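Please read the structure below before turning to the comments.
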Amino acid sequence: MKEIKIEKCPFCGGEEFIESNVSSMSSGVCVATNGTTQRAILFATVCRDCGSVVRFFCKTPENLYPKKERRE
Ligand SMILES: [Zn+2]
């Protein structure tokens with residue numbers, strides 16, 4: 001998985017971020033493949049200065065769709 005580096009909040013220019021697990025309000029993200037449902041826990045990067053969610057992401061995208069089988 002590629003590392004994403006957020007330098008600045010696009011909303012307020014803040015430079016401090018909190019990584020939080022948001023799966024308690026949903027079950028994360030699901031992808032249905034060939035009748036089976038794959039899940040990955042959803043995380044959010046929140047700006048500490050203004051509270052905006054700068055990014056939603058999964059730490060285990062390979063759980064959703066195996067890399068070697070990824071659609072072209
Ligand atoms: Zn901000």
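Chain lettering (A, B, ...) mirrors the order of the structure tokens, residue numbering begins at 1 for each chain separately, and ligand numbering begins at 1 in order of display.
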Point to revise | Cut-off 9 Å, only C-alpha atoms and all ligand atoms, neighbours of ligand 1 as a PyMOL selection string | key: chain A and resi 8-17+46-54
**Study point:** Shortest interatomic distance to Thr33 (chain A) - which of A:Glu3, A:Ile18, A:Cys58, A:Asn63, counting only C-alpha atoms
**Key:**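 That would be A:Asn63, the residue with the smallest distance to Thr33 (chain A).
Comparing the minimum interatomic distances between Glu62 (chain A) and each of A:Arg39, A:Thr45, A:Glu19, A:Ala32, counting only C-alpha atoms, we find that A:Arg39 sits nearest.
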Review point. What does the distance from CA of Asn21 (chain A) to CA of Ala44 (chain A) come to in Å, to one decimal?
Key: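 Spanning CA of Asn21 (chain A) to CA of Ala44 (chain A) is a straight-line distance of 6.3 Å.
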Practice item. Would you mind telling me which residue in A:Ile4, A:Pro61, A:Arg55, A:Ile41 lies nearest to Val29 (chain A) when using only C-alpha atoms? Key: A:Ile41
Any idea what's packed within 6 Å of Gln38 (chain A), counting only C-alpha atoms, ignoring anything in its chain fewer than 3 positions away? Could you give it as a PDB file with N, CA and C atoms, in the first residue's frame?
```pdb
ATOM      1  N   CYS A  30     -17.338  -2.299   2.083  1.00  0.00           N
ATOM      2  CA  CYS A  30     -17.528  -3.661   1.625  1.00  0.00           C
ATOM      3  C   CYS A  30     -17.471  -3.718   0.109  1.00  0.00           C
ATOM      4  N   VAL A  31     -16.904  -4.782  -0.384  1.00  0.00           N
ATOM      5  CA  VAL A  31     -16.895  -5.021  -1.821  1.00  0.00           C
ATOM      6  C   VAL A  31     -17.390  -6.440  -2.037  1.00  0.00           C
ATOM      7  N   LEU A  64      -9.989  -6.132   0.342  1.00  0.00           N
ATOM      8  CA  LEU A  64     -11.158  -5.866  -0.486  1.00  0.00           C
ATOM      9  C   LEU A  64     -11.047  -6.514  -1.851  1.00  0.00           C
TER      10      LEU A  64
END
```
Exercise for review: Please give the complete set of residues from chain A that DSSP, run on the backbone, assigns to helix (DSSP H, G or I), formatted as number ranges by chain.
Suggested key: A: 23-25, 61-64, 67-69
**Study point:** Sel. of strand (DSSP E) residues, chain A, as a PyMOL selection string
**Key:** chain A and resi 17-21+29-33+36-40+42-47+53-58
Deliver the residues from the most recent selection as a file, using N, CA and C atoms, as a PDB file, in the first residue's frame.
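Below is the file that was written, out-v2.pdb:
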```pdb
ATOM      1  N   PHE A  17      -2.616  16.310  12.298  1.00  0.00           N
ATOM      2  CA  PHE A  17      -3.709  15.418  11.941  1.00  0.00           C
ATOM      3  C   PHE A  17      -3.849  14.271  12.923  1.00  0.00           C
ATOM      4  N   ILE A  18      -5.068  13.803  13.069  1.00  0.00           N
ATOM      5  CA  ILE A  18      -5.363  12.677  13.940  1.00  0.00           C
ATOM      6  C   ILE A  18      -5.920  11.564  13.047  1.00  0.00           C
ATOM      7  N   GLU A  19      -5.426  10.364  13.261  1.00  0.00           N
ATOM      8  CA  GLU A  19      -5.936   9.227  12.510  1.00  0.00           C
ATOM      9  C   GLU A  19      -6.941   8.510  13.397  1.00  0.00           C
ATOM     10  N   SER A  20      -8.144   8.353  12.914  1.00  0.00           N
ATOM     11  CA  SER A  20      -9.139   7.712  13.758  1.00  0.00           C
ATOM     12  C   SER A  20      -9.875   6.614  13.021  1.00  0.00           C
ATOM     13  N   ASN A  21     -10.311   5.651  13.806  1.00  0.00           N
ATOM     14  CA  ASN A  21     -11.081   4.538  13.287  1.00  0.00           C
ATOM     15  C   ASN A  21     -12.547   4.953  13.275  1.00  0.00           C
ATOM     16  N   VAL A  29     -15.935  -0.488   4.766  1.00  0.00           N
ATOM     17  CA  VAL A  29     -16.324  -0.559   3.367  1.00  0.00           C
ATOM     18  C   VAL A  29     -16.397  -2.020   2.944  1.00  0.00           C
ATOM     19  N   CYS A  30     -17.338  -2.299   2.083  1.00  0.00           N
ATOM     20  CA  CYS A  30     -17.528  -3.661   1.625  1.00  0.00           C
ATOM     21  C   CYS A  30     -17.471  -3.718   0.109  1.00  0.00           C
ATOM     22  N   VAL A  31     -16.904  -4.782  -0.384  1.00  0.00           N
ATOM     23  CA  VAL A  31     -16.895  -5.021  -1.821  1.00  0.00           C
ATOM     24  C   VAL A  31     -17.390  -6.440  -2.037  1.00  0.00           C
ATOM     25  N   ALA A  32     -18.379  -6.592  -2.887  1.00  0.00           N
ATOM     26  CA  ALA A  32     -18.893  -7.929  -3.168  1.00  0.00           C
ATOM     27  C   ALA A  32     -18.196  -8.477  -4.406  1.00  0.00           C
ATOM     28  N   THR A  33     -17.556  -9.631  -4.233  1.00  0.00           N
ATOM     29  CA  THR A  33     -16.867 -10.270  -5.366  1.00  0.00           C
ATOM     30  C   THR A  33     -17.304 -11.721  -5.430  1.00  0.00           C
ATOM     31  N   THR A  36     -19.087 -13.342  -2.489  1.00  0.00           N
ATOM     32  CA  THR A  36     -18.577 -13.166  -1.140  1.00  0.00           C
ATOM     33  C   THR A  36     -18.355 -11.673  -0.890  1.00  0.00           C
ATOM     34  N   THR A  37     -18.547 -11.275   0.336  1.00  0.00           N
ATOM     35  CA  THR A  37     -18.375  -9.868   0.660  1.00  0.00           C
ATOM     36  C   THR A  37     -17.086  -9.677   1.441  1.00  0.00           C
ATOM     37  N   GLN A  38     -16.230  -8.833   0.947  1.00  0.00           N
ATOM     38  CA  GLN A  38     -14.974  -8.522   1.616  1.00  0.00           C
ATOM     39  C   GLN A  38     -15.150  -7.212   2.365  1.00  0.00           C
ATOM     40  N   ARG A  39     -14.560  -7.166   3.553  1.00  0.00           N
ATOM     41  CA  ARG A  39     -14.666  -5.947   4.337  1.00  0.00           C
ATOM     42  C   ARG A  39     -13.297  -5.399   4.698  1.00  0.00           C
ATOM     43  N   ALA A  40     -13.237  -4.104   4.871  1.00  0.00           N
ATOM     44  CA  ALA A  40     -12.021  -3.472   5.391  1.00  0.00           C
ATOM     45  C   ALA A  40     -12.473  -2.370   6.338  1.00  0.00           C
ATOM     46  N   LEU A  42     -12.624   1.092   8.054  1.00  0.00           N
ATOM     47  CA  LEU A  42     -12.455   2.431   7.515  1.00  0.00           C
ATOM     48  C   LEU A  42     -11.818   3.358   8.548  1.00  0.00           C
ATOM     49  N   PHE A  43     -10.832   4.097   8.097  1.00  0.00           N
ATOM     50  CA  PHE A  43     -10.163   5.070   8.959  1.00  0.00           C
ATOM     51  C   PHE A  43     -10.333   6.466   8.374  1.00  0.00           C
ATOM     52  N   ALA A  44     -10.215   7.466   9.213  1.00  0.00           N
ATOM     53  CA  ALA A  44     -10.292   8.839   8.750  1.00  0.00           C
ATOM     54  C   ALA A  44      -9.105   9.623   9.280  1.00  0.00           C
ATOM     55  N   THR A  45      -8.654  10.552   8.479  1.00  0.00           N
ATOM     56  CA  THR A  45      -7.632  11.492   8.931  1.00  0.00           C
ATOM     57  C   THR A  45      -8.341  12.811   9.178  1.00  0.00           C
ATOM     58  N   VAL A  46      -8.274  13.259  10.421  1.00  0.00           N
ATOM     59  CA  VAL A  46      -9.014  14.447  10.826  1.00  0.00           C
ATOM     60  C   VAL A  46      -8.039  15.578  11.137  1.00  0.00           C
ATOM     61  N   CYS A  47      -8.321  16.759  10.632  1.00  0.00           N
ATOM     62  CA  CYS A  47      -7.503  17.925  10.933  1.00  0.00           C
ATOM     63  C   CYS A  47      -7.733  18.325  12.385  1.00  0.00           C
ATOM     64  N   VAL A  53     -12.560  16.213   7.951  1.00  0.00           N
ATOM     65  CA  VAL A  53     -12.015  14.916   7.565  1.00  0.00           C
ATOM     66  C   VAL A  53     -11.317  15.121   6.225  1.00  0.00           C
ATOM     67  N   VAL A  54     -10.009  15.005   6.263  1.00  0.00           N
ATOM     68  CA  VAL A  54      -9.211  15.265   5.079  1.00  0.00           C
ATOM     69  C   VAL A  54      -9.179  14.048   4.166  1.00  0.00           C
ATOM     70  N   ARG A  55      -9.290  12.880   4.781  1.00  0.00           N
ATOM     71  CA  ARG A  55      -9.140  11.663   3.989  1.00  0.00           C
ATOM     72  C   ARG A  55      -9.848  10.499   4.667  1.00  0.00           C
ATOM     73  N   PHE A  56     -10.510   9.671   3.866  1.00  0.00           N
ATOM     74  CA  PHE A  56     -11.019   8.390   4.334  1.00  0.00           C
ATOM     75  C   PHE A  56     -10.175   7.315   3.679  1.00  0.00           C
ATOM     76  N   PHE A  57      -9.798   6.297   4.423  1.00  0.00           N
ATOM     77  CA  PHE A  57      -8.989   5.250   3.811  1.00  0.00           C
ATOM     78  C   PHE A  57      -9.110   3.936   4.577  1.00  0.00           C
ATOM     79  N   CYS A  58      -8.698   2.879   3.921  1.00  0.00           N
ATOM     80  CA  CYS A  58      -8.633   1.560   4.535  1.00  0.00           C
ATOM     81  C   CYS A  58      -7.173   1.171   4.654  1.00  0.00           C
TER      82      CYS A  58
END
```
